[in-house]
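What follows is a set of notes on a single structure, which appears directly below.
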Amino acid sequence: MREYDLIVVGGGPAGLAAAASAKRCGTDDILILERDSELGGILNQCIHNGFGLHTFKEELTGPEYAARYIEQVKELGIPYEVNTMVLDITEGNVVTVINKERGVESLKAKAIILAMGCRERPRGALNIPGFRPQGVYTAGTAQKLVNLEGVVPGKEVVILGSGDIGLIMARRMTFEGAKVKAVVELMPYSSGLKRNIVQCLDDYGIPLMLSHTVVDIKGKEKLEGVTVAKVDENRTPIPGTEEFFECDTLLLSCGLLPENELSRSAGVELSRLTGGPVVDDDLETNVAGVFACGNVLHVHDLVDFVSAEAERAGQSAAEYIKRSGSRPQGRTIGVSAKNGVRYTVPSRINVDETTQDVHIRFRVTGVYKGASLVVRSGEHELLRRKTRILVPSEMQDLTLKAAALAEAVDDLTVEVEGGAEA
Amino acid sequence: MTRELTCIGCPMGCELTVEVESGVAVSVSGNTCKIGENYAKSEISAPTRVITTTALSADERPVAVKTAAPVPKGQIFECLEQIKATTISLPAHIGDVLIESVCGTGVPVVVTRNVE
């Protein structure tokens, strides 16, 4: 059985940054496993720009951002295996992989970093009535077809869900000569960034229909059209508001789910709120030596935050390997979400053993104007940050100083305070 | 005349209010940084966008490309046509110039993904 100090599962932005960071922190014996034929993950198909404003202070496209980290991995001489799919992670950190040339093989590692990313919510998870014709794709599948395969899936398009990938694909399909008739959003607000609504929809006169949903899909073999209806405040379609859109393509941009089948088989405890592993401030899961970062941990909107988080995971894994084990389990306090906050990552902090600042990343539950984000340990206020606007589509990131944490006694709560819910 | 804009300079998406006189922005409010002011001014007088798309190789493999700088918004589809009509030779590397000046804008189209 081949043995490594560190195995990184996934060669996307999280895996690349985690591996590079672990190497810089002194771990030499690393292997990155990637199921695709090349490194870079989903960034390879995200050819639009807007990546890297935080990390590189310039606006890059997805493949350009990925290339910077691929170069780092190559310069650091970190081995990687592509076309290699991890089938299972079992006790004792045994990683079972399959590869066309070598068949099935078991590898062993002292530490594992989970960086498998996330998956799109498919039609089956959306309960849309109607037939199941050809022509219904997730937005990311269409993005792959257009940008990596050079195939445009259709000419007349309706998009359900206003997530960023859906908005980006509305413009992309327009560029490829398709007519995008509408972007239909169930909620009264878009789940995408405002800049994408402006530069992907408004620029091309594509209507955004808020509080609407698709109630029927027509077409037996090939998609012929969809029926869209307005929904009430309980998100129930209102009879009489139906409108039929003729189209040959329906794209779904209805949310992303962390891909945690492997985590589950490894015995990693998952959060019901994020769908990702429950981790401490080292990004270590409940399984000793198994760390998680990036979209497999919780879905991010900015890759810059993924890279930063992954660097921490890489560093933690390197320290784990150096110590040949987890940190001494000092005093641990919980971190939980309160008013207006949906979840927090991490969900516990080993305060006695924390020597560095801790990032608390989370999402809010609604739109708030002029509110403050407040972190308390019991009654004691640790941090307060005033904000102009908070929206669920943008991940928040608060940094707690190590010194402040050392004094924290009670569990931490993160909440939205004051301001107006818009 | 007053115009309302949403800044596209970064993910914040500031709501801008612009006072316009004879086609020129004379004052901008609602922005939280200089990017918003610059965006509003150019958006009123001469809106521009960076184009990201793909060009095809002789064997019809797509290669990601972008305009190295923003081009006039009114010329987006004209630029897309020229990019589509240009065959990209492989291998292609990030930064390779596909078109020196797309549609006479003076802006080059460059490769954004390594394809061997």
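If you're wondering about the labels, chains in the structure tokens are A, B, ... by order shown, residues count from 1 in each chain, ligands from 1 in order shown.
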Residues of chain A within 9 Å of chain B, counting only C-alpha atoms, as a PyMOL selection string: chain A and resi 44-45+47-50+53+60-64+67+146-150+172+175-176+193-196+198-199+203+389+394
Check segment 117-333 of chain A with DSSP on the backbone and list each residue it calls alpha helix (DSSP H), as a PyMOL selection string. chain A and resi 139-144+164-175+194-196+261-265+303-323
Selection near Ile197 of chain A, 10 Å with only C-alpha atoms, sequence-local residues under 3 positions removed, as an MDAnalysis selection string: (chainID A and resid 162:164 167:168 170:171 190 192:194 200:203 206:208) or (chainID B and resid 6 8 13)
Go ahead and dump the residues you just picked, all heavy atoms, as a short mmCIF file (atom, residue, chain, number, x, y, z; two decimals), in the first residue's frame.
```cif
data_model
loop_
_atom_site.label_atom_id
_atom_site.label_comp_id
_atom_site.auth_asym_id
_atom_site.auth_seq_id
_atom_site.Cartn_x
_atom_site.Cartn_y
_atom_site.Cartn_z
N SER A 162 -31.95 32.34 -9.75
CA SER A 162 -31.11 33.48 -10.14
C SER A 162 -29.79 33.44 -9.40
O SER A 162 -29.23 34.46 -9.05
CB SER A 162 -31.84 34.79 -9.88
OG SER A 162 -32.15 34.91 -8.50
N GLY A 163 -29.28 32.23 -9.14
CA GLY A 163 -27.93 32.11 -8.59
C GLY A 163 -26.93 32.66 -9.60
O GLY A 163 -27.26 32.84 -10.78
N ASP A 164 -25.71 32.92 -9.13
CA ASP A 164 -24.72 33.55 -10.00
C ASP A 164 -24.43 32.75 -11.27
O ASP A 164 -24.24 33.33 -12.33
CB ASP A 164 -23.43 33.83 -9.22
CG ASP A 164 -23.62 35.01 -8.27
OD1 ASP A 164 -24.10 36.06 -8.74
OD2 ASP A 164 -23.30 34.88 -7.08
N LEU A 167 -27.09 33.49 -13.77
CA LEU A 167 -26.96 34.84 -14.34
C LEU A 167 -25.82 34.87 -15.36
O LEU A 167 -25.96 35.40 -16.46
CB LEU A 167 -26.70 35.87 -13.23
CG LEU A 167 -27.80 35.98 -12.15
CD1 LEU A 167 -27.38 36.96 -11.06
CD2 LEU A 167 -29.12 36.42 -12.77
N ILE A 168 -24.69 34.28 -14.98
CA ILE A 168 -23.52 34.23 -15.87
C ILE A 168 -23.89 33.49 -17.16
O ILE A 168 -23.52 33.89 -18.26
CB ILE A 168 -22.34 33.52 -15.16
CG1 ILE A 168 -21.83 34.35 -13.97
CG2 ILE A 168 -21.23 33.17 -16.13
CD1 ILE A 168 -21.08 35.61 -14.30
N ALA A 170 -26.87 33.23 -18.48
CA ALA A 170 -27.81 34.02 -19.28
C ALA A 170 -27.02 34.86 -20.29
O ALA A 170 -27.33 34.91 -21.48
CB ALA A 170 -28.65 34.92 -18.37
N ARG A 171 -25.96 35.49 -19.81
CA ARG A 171 -25.11 36.30 -20.71
C ARG A 171 -24.35 35.41 -21.69
O ARG A 171 -24.25 35.71 -22.87
CB ARG A 171 -24.13 37.13 -19.87
CG ARG A 171 -23.15 37.93 -20.72
CD ARG A 171 -22.25 38.80 -19.88
NE ARG A 171 -21.37 38.02 -19.01
CZ ARG A 171 -20.55 38.56 -18.12
NH1 ARG A 171 -20.49 39.87 -17.96
NH2 ARG A 171 -19.79 37.80 -17.37
N SER A 190 -33.07 38.23 -5.57
CA SER A 190 -32.19 37.33 -6.30
C SER A 190 -31.15 36.76 -5.36
O SER A 190 -30.71 37.42 -4.43
CB SER A 190 -31.48 38.08 -7.42
OG SER A 190 -30.42 37.30 -7.92
N GLY A 192 -28.31 35.95 -6.53
CA GLY A 192 -27.04 36.28 -7.19
C GLY A 192 -26.55 37.66 -6.81
O GLY A 192 -27.27 38.43 -6.18
N LEU A 193 -25.32 37.95 -7.18
CA LEU A 193 -24.74 39.26 -6.89
C LEU A 193 -25.39 40.33 -7.77
O LEU A 193 -25.69 40.08 -8.94
CB LEU A 193 -23.23 39.24 -7.14
CG LEU A 193 -22.40 38.30 -6.26
CD1 LEU A 193 -20.96 38.26 -6.75
CD2 LEU A 193 -22.44 38.77 -4.81
N LYS A 194 -25.53 41.54 -7.19
CA LYS A 194 -26.17 42.62 -7.93
C LYS A 194 -25.43 42.97 -9.22
O LYS A 194 -26.01 43.27 -10.25
CB LYS A 194 -26.27 43.87 -7.04
CG LYS A 194 -27.58 43.94 -6.30
CD LYS A 194 -27.76 45.26 -5.59
CE LYS A 194 -26.98 45.27 -4.31
NZ LYS A 194 -27.10 46.51 -3.54
N CYS A 200 -25.18 40.97 -16.54
CA CYS A 200 -25.57 39.75 -17.27
C CYS A 200 -27.01 39.80 -17.75
O CYS A 200 -27.35 39.23 -18.77
CB CYS A 200 -25.38 38.52 -16.40
SG CYS A 200 -23.67 38.25 -15.94
N LEU A 201 -27.89 40.48 -17.00
CA LEU A 201 -29.30 40.55 -17.42
C LEU A 201 -29.66 41.92 -17.99
O LEU A 201 -30.06 42.04 -19.14
CB LEU A 201 -30.23 40.23 -16.23
CG LEU A 201 -30.06 38.87 -15.54
CD1 LEU A 201 -31.17 38.65 -14.52
CD2 LEU A 201 -30.03 37.73 -16.55
N ASP A 202 -29.51 42.98 -17.17
CA ASP A 202 -29.93 44.32 -17.60
C ASP A 202 -29.26 44.75 -18.90
O ASP A 202 -29.89 45.32 -19.78
CB ASP A 202 -29.62 45.35 -16.49
CG ASP A 202 -30.38 45.06 -15.20
OD1 ASP A 202 -31.23 44.15 -15.22
OD2 ASP A 202 -30.13 45.73 -14.19
N ASP A 203 -27.96 44.46 -19.02
CA ASP A 203 -27.22 44.84 -20.23
C ASP A 203 -27.86 44.28 -21.50
O ASP A 203 -27.73 44.86 -22.57
CB ASP A 203 -25.77 44.32 -20.16
CG ASP A 203 -24.85 45.29 -19.42
OD1 ASP A 203 -25.34 46.31 -18.92
OD2 ASP A 203 -23.63 45.02 -19.38
N ILE A 206 -32.64 41.13 -20.47
CA ILE A 206 -33.24 39.85 -20.05
C ILE A 206 -34.06 40.08 -18.78
O ILE A 206 -33.53 40.55 -17.78
CB ILE A 206 -32.15 38.79 -19.79
CG1 ILE A 206 -31.32 38.56 -21.07
CG2 ILE A 206 -32.76 37.48 -19.28
CD1 ILE A 206 -30.04 37.78 -20.86
N PRO A 207 -35.36 39.77 -18.82
CA PRO A 207 -36.18 40.04 -17.62
C PRO A 207 -35.88 39.09 -16.46
O PRO A 207 -35.64 37.90 -16.68
CB PRO A 207 -37.62 39.86 -18.12
CG PRO A 207 -37.52 39.11 -19.41
CD PRO A 207 -36.14 39.26 -19.96
N LEU A 208 -35.87 39.66 -15.25
CA LEU A 208 -35.74 38.86 -14.02
C LEU A 208 -37.12 38.85 -13.37
O LEU A 208 -37.63 39.89 -12.97
CB LEU A 208 -34.70 39.50 -13.09
CG LEU A 208 -34.56 38.90 -11.69
CD1 LEU A 208 -34.14 37.44 -11.75
CD2 LEU A 208 -33.55 39.69 -10.85
N THR B 6 -26.38 50.69 -10.60
CA THR B 6 -25.76 49.78 -9.64
C THR B 6 -24.32 49.58 -10.07
O THR B 6 -24.07 49.18 -11.21
CB THR B 6 -26.49 48.42 -9.63
OG1 THR B 6 -27.86 48.65 -9.35
CG2 THR B 6 -25.91 47.50 -8.55
N ILE B 8 -20.85 48.00 -10.79
CA ILE B 8 -20.42 46.62 -11.05
C ILE B 8 -18.93 46.44 -10.76
O ILE B 8 -18.32 45.44 -11.13
CB ILE B 8 -20.74 46.18 -12.50
CG1 ILE B 8 -19.98 47.05 -13.51
CG2 ILE B 8 -22.22 46.21 -12.76
CD1 ILE B 8 -20.04 46.49 -14.94
N GLY B 13 -21.84 46.02 -5.02
CA GLY B 13 -22.98 46.49 -5.81
C GLY B 13 -23.63 47.75 -5.25
O GLY B 13 -24.84 47.79 -5.02
#
```
Residues of segment 23-104 of chain B in strand (DSSP E or B) according to DSSP, as a ChimeraX atom specification? /B:24-29,48-49,52-57,62-67,71-72,88,92,97-99
So how far away is atom CA of Cys79 of chain B from atom CA of Cys103 of chain B, in Å? 5.9 Å
Point out the residue among A:Lys74, A:Lys386, A:Lys401, A:Arg272 with the least atom-to-atom distance to Thr344 of chain A, counting only C-alpha atoms.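 Nearest candidate to Thr344 of chain A out of A:Lys74, A:Lys386, A:Lys401, A:Arg272: A:Arg272.
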Measuring between only C-alpha atoms, which one of A:Val180, A:Glu75, A:Ile217, A:Gly166 shows the shortest distance to Gln134 of chain A? A:Ile217
Gap from atom CA of Ala371 of chain A to atom CA of Gly418 of chain A - Å, one decimal: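 According to the coordinates, atom CA of Ala371 of chain A and atom CA of Gly418 of chain A are separated by 4.9 Å.
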Could you name the residues that touch Ser27 of chain B at 10 Å or less, counting only C-alpha atoms, but leaving out those on the same chain fewer than 2 positions away, as a PyMOL selection string? chain B and resi 2+17-21+24-25+29+37+40-41
Rank nothing, just name the residue among A:Leu43, A:Leu412, A:Val214, A:Leu373 nearest to Gly12 of chain A, using only C-alpha atoms.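 Nearest to Gly12 of chain A: A:Leu43.
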Neighbouring residues of Val287 of chain A were defined as those with any atom within 8 Å, considering only C-alpha atoms; residues of the same chain fewer than 6 positions away were excluded. Please report them as a ChimeraX atom specification. /A:266-268
Go ahead and save the residues from that selection, with N, CA and C atoms, as an mmCIF file, in the first residue's frame.
```cif
data_model
loop_
_atom_site.group_PDB
_atom_site.id
_atom_site.type_symbol
_atom_site.label_atom_id
_atom_site.label_comp_id
_atom_site.auth_asym_id
_atom_site.auth_seq_id
_atom_site.Cartn_x
_atom_site.Cartn_y
_atom_site.Cartn_z
ATOM 1 N N ALA A 266 -16.157 8.289 5.709
ATOM 2 C CA ALA A 266 -15.005 8.391 6.599
ATOM 3 C C ALA A 266 -15.431 8.582 8.050
ATOM 4 N N GLY A 267 -16.739 8.672 8.288
ATOM 5 C CA GLY A 267 -17.228 8.846 9.651
ATOM 6 C C GLY A 267 -17.215 10.291 10.121
ATOM 7 N N VAL A 268 -17.147 11.227 9.168
ATOM 8 C CA VAL A 268 -17.105 12.647 9.511
ATOM 9 C C VAL A 268 -18.508 13.141 9.849
#
```
So that I can check the surroundings of segment 314-327 of chain A, please list as a PyMOL selection string every protein, DNA and RNA residue that reaches within 12 Å of it, counting only C-alpha atoms and ignoring chain neighbours fewer than 4 positions away. chain A and resi 4-8+14-30+109-115+279-294+307-310+331-332+349-356
Nearest residue to Ala182 of chain A from the set A:Phe245, A:Leu145, A:Asp216, A:Ser347 (distances using only C-alpha atoms): A:Phe245
Shell of 9 Å around Asn99 of chain A, only C-alpha atoms, local chain residues under 5 positions omitted, as JSON, numbers by chain: {"A": [35, 82, 83, 84, 85, 104, 105]}
Just to be explicit: take each residue in the selection above, keep C-alpha atoms, and write the result as a PDB file, in the first residue's frame.
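Result file selection_13.pdb:
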```pdb
ATOM      1  CA  ARG A  35     -10.996  12.885 -10.785  1.00  0.00           C
ATOM      2  CA  VAL A  82      -5.534  13.190 -12.413  1.00  0.00           C
ATOM      3  CA  ASN A  83      -8.242  10.874 -13.804  1.00  0.00           C
ATOM      4  CA  THR A  84      -8.197   9.353 -10.343  1.00  0.00           C
ATOM      5  CA  MET A  85     -11.422   9.053  -8.442  1.00  0.00           C
ATOM      6  CA  VAL A 104      -8.491  -0.012  -7.826  1.00  0.00           C
ATOM      7  CA  GLU A 105      -5.860   0.750  -5.227  1.00  0.00           C
TER       8      GLU A 105
END
```
